[in-house]
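Participant: Pasting run25.cif below, which is mmCIF, C-alpha atoms and all ligand atoms.
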data_coords
loop_
_atom_site.group_PDB
_atom_site.id
_atom_site.type_symbol
_atom_site.label_atom_id
_atom_site.label_comp_id
_atom_site.auth_asym_id
_atom_site.auth_seq_id
_atom_site.Cartn_x
_atom_site.Cartn_y
_atom_site.Cartn_z
ATOM 1 C CA MET A 1 -5.877 -23.403 -28.556
ATOM 2 C CA LYS A 2 -7.155 -21.021 -25.913
ATOM 3 C CA THR A 3 -7.899 -17.313 -26.138
ATOM 4 C CA TYR A 4 -6.162 -14.847 -23.821
ATOM 5 C CA VAL A 5 -6.448 -11.079 -23.434
ATOM 6 C CA VAL A 6 -3.374 -9.093 -22.387
ATOM 7 C CA SER A 7 -3.363 -5.333 -21.822
ATOM 8 C CA GLY A 8 -0.106 -3.420 -21.954
ATOM 9 C CA ALA A 9 0.720 -5.829 -24.776
ATOM 10 C CA ALA A 10 2.875 -3.303 -26.627
ATOM 11 C CA SER A 11 5.733 -3.360 -24.144
ATOM 12 C CA GLY A 12 7.589 -5.015 -21.302
ATOM 13 C CA ILE A 13 5.836 -7.650 -19.206
ATOM 14 C CA GLY A 14 2.606 -7.551 -21.229
ATOM 15 C CA ALA A 15 4.494 -8.083 -24.491
ATOM 16 C CA ALA A 16 6.554 -10.916 -22.958
ATOM 17 C CA THR A 17 3.395 -12.588 -21.618
ATOM 18 C CA ALA A 18 1.676 -12.332 -24.993
ATOM 19 C CA ALA A 19 4.747 -13.781 -26.700
ATOM 20 C CA GLN A 20 4.890 -16.772 -24.330
ATOM 21 C CA LEU A 21 1.196 -17.516 -24.710
ATOM 22 C CA ARG A 22 1.454 -17.280 -28.494
ATOM 23 C CA GLY A 23 4.512 -19.525 -28.325
ATOM 24 C CA GLN A 24 2.356 -22.110 -26.550
ATOM 25 C CA GLY A 25 -0.005 -22.021 -29.528
ATOM 26 C CA HIS A 26 -2.704 -19.824 -28.008
ATOM 27 C CA ARG A 27 -4.522 -16.868 -29.468
ATOM 28 C CA VAL A 28 -3.764 -13.550 -27.746
ATOM 29 C CA ILE A 29 -5.811 -10.380 -28.098
ATOM 30 C CA GLY A 30 -3.542 -7.482 -27.221
ATOM 31 C CA VAL A 31 -4.868 -4.222 -25.781
ATOM 32 C CA ASP A 32 -2.787 -1.059 -25.411
ATOM 33 C CA ARG A 33 -2.999 2.693 -25.846
ATOM 34 C CA ALA A 34 -0.097 2.361 -28.271
ATOM 35 C CA ALA A 35 -0.591 0.822 -31.702
ATOM 36 C CA ALA A 36 2.108 -1.817 -32.077
ATOM 37 C CA ASP A 37 2.705 -5.365 -33.255
ATOM 38 C CA GLY A 38 0.476 -7.676 -31.248
ATOM 39 C CA VAL A 39 -1.981 -4.931 -30.302
ATOM 40 C CA ASP A 40 -5.453 -5.677 -31.663
ATOM 41 C CA VAL A 41 -7.436 -3.137 -29.646
ATOM 42 C CA VAL A 42 -6.072 0.384 -29.227
ATOM 43 C CA ALA A 43 -7.689 2.057 -26.224
ATOM 44 C CA ASP A 44 -6.795 4.397 -23.379
ATOM 45 C CA LEU A 45 -7.594 2.620 -20.115
ATOM 46 C CA SER A 46 -7.302 5.818 -18.076
ATOM 47 C CA THR A 47 -10.830 6.957 -18.983
ATOM 48 C CA SER A 48 -14.240 5.328 -18.706
ATOM 49 C CA GLU A 49 -14.773 5.874 -22.455
ATOM 50 C CA GLY A 50 -11.466 4.207 -23.266
ATOM 51 C CA ARG A 51 -12.235 1.290 -20.955
ATOM 52 C CA ALA A 52 -15.637 0.803 -22.574
ATOM 53 C CA ALA A 53 -13.968 0.897 -26.002
ATOM 54 C CA ALA A 54 -11.411 -1.688 -24.869
ATOM 55 C CA VAL A 55 -14.101 -4.065 -23.609
ATOM 56 C CA ALA A 56 -16.189 -3.560 -26.763
ATOM 57 C CA GLY A 57 -13.126 -4.040 -28.961
ATOM 58 C CA VAL A 58 -12.288 -7.343 -27.290
ATOM 59 C CA ARG A 59 -15.916 -8.482 -27.494
ATOM 60 C CA ASP A 60 -15.876 -7.796 -31.227
ATOM 61 C CA LEU A 61 -13.039 -10.322 -31.523
ATOM 62 C CA THR A 62 -14.190 -13.096 -29.191
ATOM 63 C CA ASP A 63 -17.084 -14.284 -27.034
ATOM 64 C CA ARG A 64 -14.883 -16.664 -25.035
ATOM 65 C CA ILE A 65 -11.827 -15.803 -22.928
ATOM 66 C CA HIS A 66 -9.718 -18.365 -21.067
ATOM 67 C CA GLY A 67 -7.368 -15.920 -19.418
ATOM 68 C CA LEU A 68 -6.918 -12.192 -18.852
ATOM 69 C CA VAL A 69 -3.776 -10.305 -17.864
ATOM 70 C CA PRO A 70 -4.422 -6.583 -17.316
ATOM 71 C CA ALA A 71 -0.752 -5.563 -17.366
ATOM 72 C CA ALA A 72 -1.131 -1.987 -18.611
ATOM 73 C CA GLY A 73 0.231 0.347 -15.979
ATOM 74 C CA ILE A 74 2.334 3.411 -15.341
ATOM 75 C CA ALA A 75 5.021 4.084 -12.757
ATOM 76 C CA GLY A 76 4.928 6.778 -10.114
ATOM 77 C CA HIS A 77 7.871 9.140 -10.256
ATOM 78 C CA THR A 78 8.740 12.808 -10.644
ATOM 79 C CA GLY A 79 6.336 14.626 -12.941
ATOM 80 C CA VAL A 80 3.740 11.842 -13.140
ATOM 81 C CA ASP A 81 0.161 12.819 -12.220
ATOM 82 C CA SER A 82 -0.794 10.719 -9.170
ATOM 83 C CA ARG A 83 -4.411 10.690 -10.321
ATOM 84 C CA LEU A 84 -3.455 9.124 -13.635
ATOM 85 C CA VAL A 85 -1.605 6.365 -11.753
ATOM 86 C CA VAL A 86 -4.872 5.539 -9.957
ATOM 87 C CA SER A 87 -6.997 5.599 -13.089
ATOM 88 C CA VAL A 88 -4.702 3.463 -15.235
ATOM 89 C CA ASN A 89 -3.276 1.027 -12.708
ATOM 90 C CA PHE A 90 -6.341 0.175 -10.647
ATOM 91 C CA PHE A 91 -9.512 1.266 -12.405
ATOM 92 C CA GLY A 92 -8.211 0.519 -15.909
ATOM 93 C CA ALA A 93 -7.304 -3.017 -14.857
ATOM 94 C CA ILE A 94 -10.475 -3.749 -12.883
ATOM 95 C CA ALA A 95 -12.691 -2.400 -15.675
ATOM 96 C CA LEU A 96 -11.256 -5.010 -18.027
ATOM 97 C CA VAL A 97 -11.715 -7.823 -15.501
ATOM 98 C CA THR A 98 -15.308 -6.966 -14.613
ATOM 99 C CA GLY A 99 -16.208 -5.858 -18.141
ATOM 100 C CA LEU A 100 -15.142 -9.208 -19.591
ATOM 101 C CA HIS A 101 -16.707 -11.355 -16.830
ATOM 102 C CA ALA A 102 -19.279 -12.887 -19.197
ATOM 103 C CA GLU A 103 -16.604 -13.917 -21.710
ATOM 104 C CA LEU A 104 -14.432 -15.348 -18.913
ATOM 105 C CA THR A 105 -17.418 -17.312 -17.609
ATOM 106 C CA THR A 106 -17.950 -18.772 -21.081
ATOM 107 C CA GLY A 107 -14.242 -19.605 -21.341
ATOM 108 C CA ALA A 108 -14.268 -21.213 -17.894
ATOM 109 C CA ALA A 109 -16.696 -23.820 -19.192
ATOM 110 C CA ASP A 110 -13.802 -25.223 -21.251
ATOM 111 C CA GLY A 111 -11.949 -26.313 -18.106
ATOM 112 C CA GLY A 112 -11.347 -23.136 -16.180
ATOM 113 C CA ALA A 113 -10.270 -19.546 -16.740
ATOM 114 C CA GLY A 114 -7.732 -17.325 -15.012
ATOM 115 C CA VAL A 115 -7.002 -13.672 -14.332
ATOM 116 C CA VAL A 116 -3.562 -12.518 -13.222
ATOM 117 C CA LEU A 117 -3.275 -8.971 -11.921
ATOM 118 C CA LEU A 118 -0.007 -7.041 -11.857
ATOM 119 C CA ALA A 119 0.727 -6.063 -8.256
ATOM 120 C CA SER A 120 4.298 -5.151 -7.261
ATOM 121 C CA ASN A 121 6.741 -5.927 -4.471
ATOM 122 C CA SER A 122 6.527 -2.228 -3.606
ATOM 123 C CA ILE A 123 3.414 -3.231 -1.612
ATOM 124 C CA THR A 124 5.716 -4.745 1.004
ATOM 125 C CA GLY A 125 8.962 -3.021 0.052
ATOM 126 C CA MET A 126 7.942 0.634 0.258
ATOM 127 C CA PRO A 127 6.784 1.545 3.761
ATOM 128 C CA GLY A 128 4.481 4.514 4.129
ATOM 129 C CA TRP A 129 2.573 4.336 0.903
ATOM 130 C CA ASN A 130 -0.773 6.078 0.802
ATOM 131 C CA ALA A 131 -3.515 3.982 2.436
ATOM 132 C CA PRO A 132 -6.531 6.260 1.712
ATOM 133 C CA VAL A 133 -5.971 5.784 -2.028
ATOM 134 C CA ALA A 134 -6.025 2.000 -1.646
ATOM 135 C CA GLN A 135 -9.121 2.201 0.550
ATOM 136 C CA ALA A 136 -10.954 4.315 -2.032
ATOM 137 C CA CYS A 137 -9.918 1.924 -4.817
ATOM 138 C CA LEU A 138 -11.281 -1.004 -2.852
ATOM 139 C CA ARG A 139 -14.548 0.906 -2.362
ATOM 140 C CA ASP A 140 -14.701 1.319 -6.146
ATOM 141 C CA ASP A 141 -14.714 5.106 -5.711
ATOM 142 C CA GLU A 142 -12.520 6.469 -8.492
ATOM 143 C CA ALA A 143 -13.361 10.104 -7.788
ATOM 144 C CA LEU A 144 -12.295 9.784 -4.130
ATOM 145 C CA ALA A 145 -9.201 7.730 -5.015
ATOM 146 C CA ARG A 146 -8.138 10.430 -7.488
ATOM 147 C CA GLU A 147 -8.846 13.166 -4.939
ATOM 148 C CA GLU A 148 -6.735 11.403 -2.281
ATOM 149 C CA ALA A 149 -3.996 10.667 -4.825
ATOM 150 C CA GLY A 150 -3.855 14.318 -5.815
ATOM 151 C CA LYS A 151 -2.675 15.168 -2.284
ATOM 152 C CA VAL A 152 0.533 13.128 -2.465
ATOM 153 C CA ASP A 153 3.422 12.321 -4.759
ATOM 154 C CA SER A 154 2.794 9.640 -7.364
ATOM 155 C CA VAL A 155 5.661 7.538 -6.045
ATOM 156 C CA MET A 156 3.593 6.914 -2.874
ATOM 157 C CA VAL A 157 0.438 6.238 -4.870
ATOM 158 C CA TYR A 158 1.834 3.552 -7.163
ATOM 159 C CA PRO A 159 2.079 0.923 -4.357
ATOM 160 C CA SER A 160 -1.423 1.888 -3.184
ATOM 161 C CA THR A 161 -2.861 0.930 -6.554
ATOM 162 C CA LYS A 162 -0.877 -2.308 -6.618
ATOM 163 C CA ALA A 163 -1.880 -3.340 -3.069
ATOM 164 C CA ALA A 164 -5.486 -2.593 -3.961
ATOM 165 C CA LEU A 165 -5.268 -4.869 -7.019
ATOM 166 C CA ALA A 166 -3.879 -7.752 -4.960
ATOM 167 C CA TRP A 167 -6.473 -7.259 -2.232
ATOM 168 C CA TRP A 168 -9.268 -6.952 -4.777
ATOM 169 C CA ALA A 169 -8.281 -10.286 -6.300
ATOM 170 C CA ARG A 170 -8.333 -11.908 -2.850
ATOM 171 C CA ARG A 171 -11.593 -10.311 -1.740
ATOM 172 C CA GLU A 172 -13.512 -10.850 -4.974
ATOM 173 C CA GLY A 173 -11.765 -13.986 -6.178
ATOM 174 C CA VAL A 174 -13.326 -16.295 -3.601
ATOM 175 C CA LYS A 175 -16.893 -15.295 -4.510
ATOM 176 C CA PRO A 176 -19.331 -17.498 -6.428
ATOM 177 C CA GLU A 177 -19.126 -15.376 -9.572
ATOM 178 C CA TRP A 178 -15.352 -15.808 -9.790
ATOM 179 C CA ALA A 179 -13.853 -18.950 -8.227
ATOM 180 C CA GLY A 180 -17.334 -20.426 -8.062
ATOM 181 C CA ALA A 181 -17.698 -19.896 -11.802
ATOM 182 C CA GLY A 182 -14.308 -21.453 -12.535
ATOM 183 C CA ILE A 183 -12.445 -18.134 -12.917
ATOM 184 C CA ARG A 184 -9.346 -17.992 -10.700
ATOM 185 C CA LEU A 185 -8.069 -14.530 -9.700
ATOM 186 C CA ASN A 186 -4.423 -14.257 -8.662
ATOM 187 C CA SER A 187 -1.666 -11.638 -8.655
ATOM 188 C CA VAL A 188 2.030 -11.469 -9.290
ATOM 189 C CA ALA A 189 4.198 -9.010 -7.351
ATOM 190 C CA PRO A 190 7.309 -8.391 -9.440
ATOM 191 C CA GLY A 191 10.365 -6.595 -8.197
ATOM 192 C CA ALA A 192 12.286 -4.242 -10.475
ATOM 193 C CA THR A 193 12.085 -5.819 -13.915
ATOM 194 C CA GLU A 194 14.065 -4.535 -16.891
ATOM 195 C CA THR A 195 11.366 -2.996 -19.074
ATOM 196 C CA PRO A 196 10.919 0.477 -20.573
ATOM 197 C CA MET A 197 9.056 1.404 -17.371
ATOM 198 C CA VAL A 198 12.096 0.736 -15.221
ATOM 199 C CA ALA A 199 14.386 2.474 -17.703
ATOM 200 C CA GLU A 200 12.129 5.519 -17.387
ATOM 201 C CA MET A 201 12.258 5.353 -13.580
ATOM 202 C CA ARG A 202 16.038 4.982 -13.528
ATOM 203 C CA ALA A 203 16.281 8.221 -15.469
ATOM 204 C CA ASP A 204 14.397 10.053 -12.693
ATOM 205 C CA PRO A 205 16.900 12.276 -10.867
ATOM 206 C CA VAL A 206 15.096 11.927 -7.511
ATOM 207 C CA PHE A 207 13.809 8.344 -7.414
ATOM 208 C CA GLY A 208 16.059 6.710 -10.026
ATOM 209 C CA PRO A 209 18.786 5.641 -7.585
ATOM 210 C CA ALA A 210 16.193 3.821 -5.427
ATOM 211 C CA ILE A 211 15.586 1.253 -8.179
ATOM 212 C CA ASP A 212 18.913 -0.438 -7.638
ATOM 213 C CA SER A 213 18.980 0.054 -3.868
ATOM 214 C CA TYR A 214 16.696 -2.913 -3.132
ATOM 215 C CA PRO A 215 18.572 -6.107 -2.240
ATOM 216 C CA THR A 216 17.969 -9.274 -4.238
ATOM 217 C CA ALA A 217 19.099 -12.761 -3.293
ATOM 218 C CA ILE A 218 19.901 -13.536 -6.922
ATOM 219 C CA GLY A 219 22.070 -10.459 -7.322
ATOM 220 C CA ARG A 220 20.249 -8.854 -10.222
ATOM 221 C CA THR A 221 16.985 -7.288 -11.316
ATOM 222 C CA GLY A 222 14.312 -9.313 -13.066
ATOM 223 C CA ARG A 223 13.606 -9.958 -16.721
ATOM 224 C CA PRO A 224 10.173 -9.499 -18.269
ATOM 225 C CA GLU A 225 10.101 -13.094 -19.513
ATOM 226 C CA GLU A 226 10.583 -14.304 -15.924
ATOM 227 C CA VAL A 227 7.467 -12.447 -14.789
ATOM 228 C CA ALA A 228 5.649 -13.682 -17.895
ATOM 229 C CA ALA A 229 6.548 -17.276 -17.020
ATOM 230 C CA ALA A 230 4.995 -16.881 -13.558
ATOM 231 C CA ILE A 231 1.879 -15.321 -15.093
ATOM 232 C CA CYS A 232 1.588 -18.145 -17.635
ATOM 233 C CA PHE A 233 1.859 -20.697 -14.831
ATOM 234 C CA LEU A 234 -0.928 -19.000 -12.833
ATOM 235 C CA LEU A 235 -3.087 -19.042 -15.967
ATOM 236 C CA SER A 236 -2.402 -22.716 -16.625
ATOM 237 C CA GLU A 237 -4.327 -25.803 -15.535
ATOM 238 C CA GLY A 238 -1.357 -26.638 -13.313
ATOM 239 C CA ALA A 239 -2.483 -23.749 -11.092
ATOM 240 C CA ALA A 240 -6.077 -25.016 -10.840
ATOM 241 C CA ASN A 241 -5.868 -25.031 -7.013
ATOM 242 C CA ILE A 242 -4.464 -21.496 -6.673
ATOM 243 C CA VAL A 243 -6.880 -18.648 -5.841
ATOM 244 C CA GLY A 244 -6.044 -15.249 -4.372
ATOM 245 C CA ALA A 245 -2.294 -15.842 -4.317
ATOM 246 C CA VAL A 246 0.171 -12.965 -4.437
ATOM 247 C CA LEU A 247 3.230 -14.504 -6.052
ATOM 248 C CA PHE A 248 6.391 -12.474 -5.488
ATOM 249 C CA VAL A 249 8.645 -12.604 -8.543
ATOM 250 C CA ASP A 250 11.418 -10.429 -7.169
ATOM 251 C CA GLY A 251 14.601 -12.434 -6.775
ATOM 252 C CA GLY A 252 13.997 -12.736 -3.033
ATOM 253 C CA THR A 253 13.645 -9.056 -2.136
ATOM 254 C CA ASP A 254 10.443 -9.507 -0.143
ATOM 255 C CA ALA A 255 11.896 -12.538 1.662
ATOM 256 C CA MET A 256 15.044 -10.585 2.540
ATOM 257 C CA LEU A 257 13.099 -7.587 3.849
ATOM 258 C CA HIS A 258 10.521 -9.713 5.706
ATOM 259 C CA PRO A 259 12.023 -13.120 6.543
ATOM 260 C CA ILE A 260 9.088 -14.289 8.668
ATOM 261 C CA SER A 261 6.089 -13.076 6.687
ATOM 262 C CA PRO A 262 5.180 -10.384 4.163
ATOM 263 C CA GLN A 263 4.409 -7.083 5.851
ATOM 264 C CA GLY A 264 3.605 -3.550 4.919
ATOM 265 C CA TRP A 265 0.540 -3.821 2.740
ATOM 266 C CA GLU A 266 -2.085 -3.152 5.391
ATOM 267 C CA VAL A 267 -4.578 -0.739 3.835
ATOM 268 C CA GLY A 268 -6.721 -0.306 6.951
ATOM 269 C CA PRO A 269 -10.524 -0.229 6.990
ATOM 270 C CA ILE A 270 -12.216 -0.499 3.613
ATOM 271 C CA GLU A 271 -15.838 0.013 4.601
ATOM 272 C CA PRO A 272 -16.880 3.690 4.794
HETATM 273 P P1 LIG A 301 5.929 -0.881 -19.751
HETATM 274 O O1 LIG A 301 5.962 0.596 -19.608
HETATM 275 O O2 LIG A 301 7.039 -1.558 -20.450
HETATM 276 O O3 LIG A 301 4.559 -1.335 -20.433
HETATM 277 C C1 LIG A 301 3.342 -0.811 -20.000
HETATM 278 C C2 LIG A 301 2.361 -0.822 -21.152
HETATM 279 O O4 LIG A 301 1.120 -0.282 -20.667
HETATM 280 C C3 LIG A 301 2.791 0.041 -22.335
HETATM 281 O O5 LIG A 301 2.697 -0.689 -23.541
HETATM 282 C C4 LIG A 301 1.832 1.213 -22.297
HETATM 283 O O6 LIG A 301 1.545 1.746 -23.599
HETATM 284 C C5 LIG A 301 0.611 0.580 -21.654
HETATM 285 N N1 LIG A 301 -0.250 1.603 -21.059
HETATM 286 C C6 LIG A 301 0.143 2.585 -20.200
HETATM 287 N N2 LIG A 301 -0.892 3.396 -19.941
HETATM 288 C C7 LIG A 301 -1.946 2.918 -20.651
HETATM 289 C C8 LIG A 301 -3.285 3.355 -20.816
HETATM 290 N N3 LIG A 301 -3.749 4.486 -20.233
HETATM 291 N N4 LIG A 301 -4.117 2.631 -21.591
HETATM 292 C C9 LIG A 301 -3.658 1.514 -22.221
HETATM 293 N N5 LIG A 301 -2.388 1.078 -22.139
HETATM 294 C C10 LIG A 301 -1.547 1.775 -21.349
HETATM 295 O O7 LIG A 301 5.775 -1.443 -18.268
HETATM 296 P P2 LIG A 301 6.074 -2.880 -17.627
HETATM 297 O O8 LIG A 301 7.269 -2.734 -16.796
HETATM 298 O O9 LIG A 301 5.982 -3.944 -18.627
HETATM 299 O O10 LIG A 301 4.854 -2.980 -16.628
HETATM 300 C C11 LIG A 301 3.749 -3.845 -16.856
HETATM 301 C C12 LIG A 301 2.979 -3.956 -15.553
HETATM 302 O O11 LIG A 301 3.816 -4.567 -14.577
HETATM 303 C C13 LIG A 301 2.545 -2.605 -14.982
HETATM 304 O O12 LIG A 301 1.246 -2.734 -14.436
HETATM 305 C C14 LIG A 301 3.558 -2.354 -13.895
HETATM 306 O O13 LIG A 301 3.059 -1.534 -12.882
HETATM 307 C C15 LIG A 301 3.815 -3.773 -13.416
HETATM 308 N N6 LIG A 301 5.084 -3.911 -12.707
HETATM 309 C C16 LIG A 301 6.272 -3.635 -13.362
HETATM 310 C C17 LIG A 301 7.451 -3.748 -12.678
HETATM 311 C C18 LIG A 301 8.761 -3.448 -13.315
HETATM 312 O O14 LIG A 301 9.764 -3.365 -12.589
HETATM 313 N N7 LIG A 301 8.848 -3.311 -14.625
HETATM 314 C C19 LIG A 301 7.494 -4.159 -11.252
HETATM 315 C C20 LIG A 301 6.186 -4.431 -10.686
HETATM 316 C C21 LIG A 301 5.043 -4.318 -11.399
#
Starting from the file, give its structure as structure tokens.
Ligand code: NAI
Facilitator:
Amino acid sequence: MKTYVVSGAASGIGAATAAQLRGQGHRVIGVDRAAADGVDVVADLSTSEGRAAAVAGVRDLTDRIHGLVPAAGIAGHTGVDSRLVVSVNFFGAIALVTGLHAELTTGAADGGAGVVLLASNSITGMPGWNAPVAQACLRDDEALAREEAGKVDSVMVYPSTKAALAWWARREGVKPEWAGAGIRLNSVAPGATETPMVAEMRADPVFGPAIDSYPTAIGRTGRPEEVAAAICFLLSEGAANIVGAVLFVDGGTDAMLHPISPQGWEVGPIEP
């Protein structure tokens, strides 16, 4: 039995991932701002205090983590504060990953550990998303990322946070303290997946219709358990040779939009 930590465990993809891992006989420590079945640590990942409480709450329950899935996130759509999207989606996720590095290192001694970040196929599917936000995220400058985000609509900030997560996993994941310590960082990039988040977006009068406008080769949107299955694979020993991957789980949308190679997630220069 291994020990996994899943944020966003109260709903959607996080809940489906936790359920699959538990079904495989593993222990899962759920983190969410909402108290619910399967949530062991209630914390708000949008603030530094909440992130510290989440890390401390997990540490109270285990000193050894074999896998971490920071799935907590919020969508960008009408009425959503762009700055909150930055704080939850990028900085809330990265704070868990870096804050639990010691426990992941201990877990890796048992035959490897994994982290799977939740990117999105919006990083290649939504041209024109805000690059300065992604650049500030990748410079670990939350104040600047929030300032840049505040200038634009949250719908253009959501992909910025997701591209930054995928790039962060690639940039950091190859370093001695991650891959070198037996901790593999990878990302999944789901397309529209039928969770409460997508239901909320569909209800948006402005951006709702866009959800179903993306083509898929399989002729339907995704299911949370399909994304969870990809996450569980990336966490497994079968993925021991996979580092820095961005696995599209989108029914072929990215392949249809970019048949030769993924495009559209260029964030530009990261160094100041
Ligand atoms: P969801 O809305 O069903 O679940 C998100 C969970 O995150 C909820 O339980 C919520 O309480 C939690 N959460 C939100 N803000 C939080 C905060 N400040 N602190 C702690 N917990 C917080 O969403 P879904 O669809 O399951 O999304 C999971 C992840 O997958 C997100 O990162 C999302 O961006 C990503 N994703 C989802 C896609 C979709 O179509 N559903 C597509 C691509 C990526």
Participant: Go through chain A residue by residue and, counting only C-alpha atoms and all ligand atoms, keep those with an atom at most 8 Å from ligand LIG 301 (chain A); for each kept residue give the shortest atom pair and its distance in Å to one decimal, ordered by chain and increasing number, as a tab-separated table.
Facilitator:
residue	atom	partner	partner_atom	distance
A:Ser7	CA	A:LIG301	N5	6.5
A:Gly8	CA	A:LIG301	O4	3.6
A:Ala9	CA	A:LIG301	O5	5.6
A:Ala10	CA	A:LIG301	O5	4.0
A:Ser11	CA	A:LIG301	O5	4.1
A:Gly12	CA	A:LIG301	O9	3.3
A:Ile13	CA	A:LIG301	O9	3.8
A:Gly14	CA	A:LIG301	O9	5.6
A:Ala15	CA	A:LIG301	O9	7.3
A:Val31	CA	A:LIG301	C9	6.9
A:Asp32	CA	A:LIG301	N5	3.9
A:Arg33	CA	A:LIG301	C9	3.9
A:Ala34	CA	A:LIG301	O6	5.0
A:Val42	CA	A:LIG301	C9	7.5
A:Ala43	CA	A:LIG301	C9	5.7
A:Asp44	CA	A:LIG301	N4	3.7
A:Leu45	CA	A:LIG301	N4	3.8
A:Ser46	CA	A:LIG301	N3	4.4
A:Thr47	CA	A:LIG301	N3	7.6
A:Gly50	CA	A:LIG301	N4	7.7
A:Pro70	CA	A:LIG301	O12	7.4
A:Ala71	CA	A:LIG301	C12	4.4
A:Ala72	CA	A:LIG301	O4	3.5
A:Gly73	CA	A:LIG301	O12	3.6
A:Ile74	CA	A:LIG301	C6	5.4
A:Ala75	CA	A:LIG301	O13	6.0
A:Ser87	CA	A:LIG301	N3	7.9
A:Val88	CA	A:LIG301	N3	5.2
A:Asn89	CA	A:LIG301	O12	6.1
A:Gly92	CA	A:LIG301	N4	7.3
A:Leu118	CA	A:LIG301	O12	5.2
A:Ala119	CA	A:LIG301	C21	5.6
A:Ser120	CA	A:LIG301	C20	4.0
A:Asn121	CA	A:LIG301	C20	6.4
A:Ser122	CA	A:LIG301	C20	7.4
A:Tyr158	CA	A:LIG301	O13	7.8
A:Lys162	CA	A:LIG301	O13	7.4
A:Ala189	CA	A:LIG301	C20	6.0
A:Pro190	CA	A:LIG301	C20	4.3
A:Gly191	CA	A:LIG301	C19	4.8
A:Ala192	CA	A:LIG301	O14	3.4
A:Thr193	CA	A:LIG301	O14	3.6
A:Glu194	CA	A:LIG301	N7	5.8
A:Thr195	CA	A:LIG301	O8	4.7
A:Pro196	CA	A:LIG301	O2	4.4
A:Met197	CA	A:LIG301	O1	3.9
A:Val198	CA	A:LIG301	N7	5.2
A:Gly222	CA	A:LIG301	O14	7.5
A:Pro224	CA	A:LIG301	O9	7.0
Participant: When you count only C-alpha atoms, which of these residues is closest to A:Asp60: A:Leu100, A:Ala131, A:Val243, A:Ile218?
Facilitator: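 Checking each candidate against A:Asp60, we get A:Leu100 as the closest.
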Participant: I need the output of the PyMOL selection byres (((chain A and resi 142-148) around 7) and not hetatm) for this file as a list in words; which residues are they?
Facilitator: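 Taken on the displayed file, the PyMOL selection byres (((chain A and resi 142-148) around 7) and not hetatm) yields the residues Arg83, Val86, Pro132, Val133, Ala136, Cys137, Asp140, Asp141, Ala149, Gly150 and Lys151 of chain A.
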Participant: Using all atoms listed in the file, which residues sit within 10 Å of A:Ala166 once same-chain residues fewer than 5 positions away are excluded, as a tab-separated table (two decimals) with C-alpha atoms, in the coordinates of the input?
Facilitator:
chain	number	residue	atom	x	y	z
A	116	VAL	CA	-3.56	-12.52	-13.22
A	117	LEU	CA	-3.28	-8.97	-11.92
A	118	LEU	CA	-0.01	-7.04	-11.86
A	119	ALA	CA	0.73	-6.06	-8.26
A	120	SER	CA	4.30	-5.15	-7.26
A	123	ILE	CA	3.41	-3.23	-1.61
A	161	THR	CA	-2.86	0.93	-6.55
A	171	ARG	CA	-11.59	-10.31	-1.74
A	185	LEU	CA	-8.07	-14.53	-9.70
A	186	ASN	CA	-4.42	-14.26	-8.66
A	187	SER	CA	-1.67	-11.64	-8.65
A	188	VAL	CA	2.03	-11.47	-9.29
A	189	ALA	CA	4.20	-9.01	-7.35
A	244	GLY	CA	-6.04	-15.25	-4.37
A	245	ALA	CA	-2.29	-15.84	-4.32
A	246	VAL	CA	0.17	-12.96	-4.44
A	247	LEU	CA	3.23	-14.50	-6.05
A	265	TRP	CA	0.54	-3.82	2.74
Participant: Rank A:Ile65, A:Val157, A:Val58, A:Ala203 by their smallest atom-to-atom distance to A:Gly128, using all atoms listed in the file, and report the top residue only.
Facilitator: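 Checking each candidate against A:Gly128, we get A:Val157 as the closest.
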Participant: So how far away is atom CA of A:Gly111 from atom CA of A:Phe248, in Å?
Facilitator: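 Atom CA of A:Gly111 lies at a distance of 26.2 Å from atom CA of A:Phe248.
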Participant: Which residues are close to A:Val155, i.e. within 10 Å by all atoms listed in the file, leaving aside same-chain residues fewer than 2 positions away? Reply as a PyMOL selection string.
Facilitator: chain A and resi 75-82+85+126+129-130+152-153+157-160+207
Participant: On this structure, which residues satisfy the PyMOL selection byres (((chain A and resi 22) around 12) and not hetatm), written as an NGL selection string?
Facilitator: :A and (1-6 or 15-21 or 23-30 or 38 or 228 or 232)
Participant: Take the PyMOL selection byres (((chain A and resi 108) around 9) and not hetatm), apply it to the structure above, and return the hits as a ChimeraX atom specification.
Facilitator: /A:64-67,103-107,109-114,181-183
Participant: Mind pulling up the distance from atom CA of A:Ala199 to atom CA of A:Phe233?
Facilitator: 26.5 Å
Participant: With distances taken over only C-alpha atoms, which residue among A:Ala102, A:Ala35, A:Ala134, A:Val115 lies nearest A:Val267?
Facilitator: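 When distances to A:Val267 are compared using only C-alpha atoms, the smallest one comes from A:Ala134.
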Participant: Would you mind reading off the distance between atom CA of A:Leu234 and atom CA of A:Val249, one decimal, in Å?
Facilitator: 12.3 Å
Participant: With distances taken over all atoms listed in the file, which of A:Lys175, A:Phe91, A:Ala54, A:Pro262 is nearest to A:Arg139?
Facilitator: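 The closest residue to A:Arg139 is A:Phe91.
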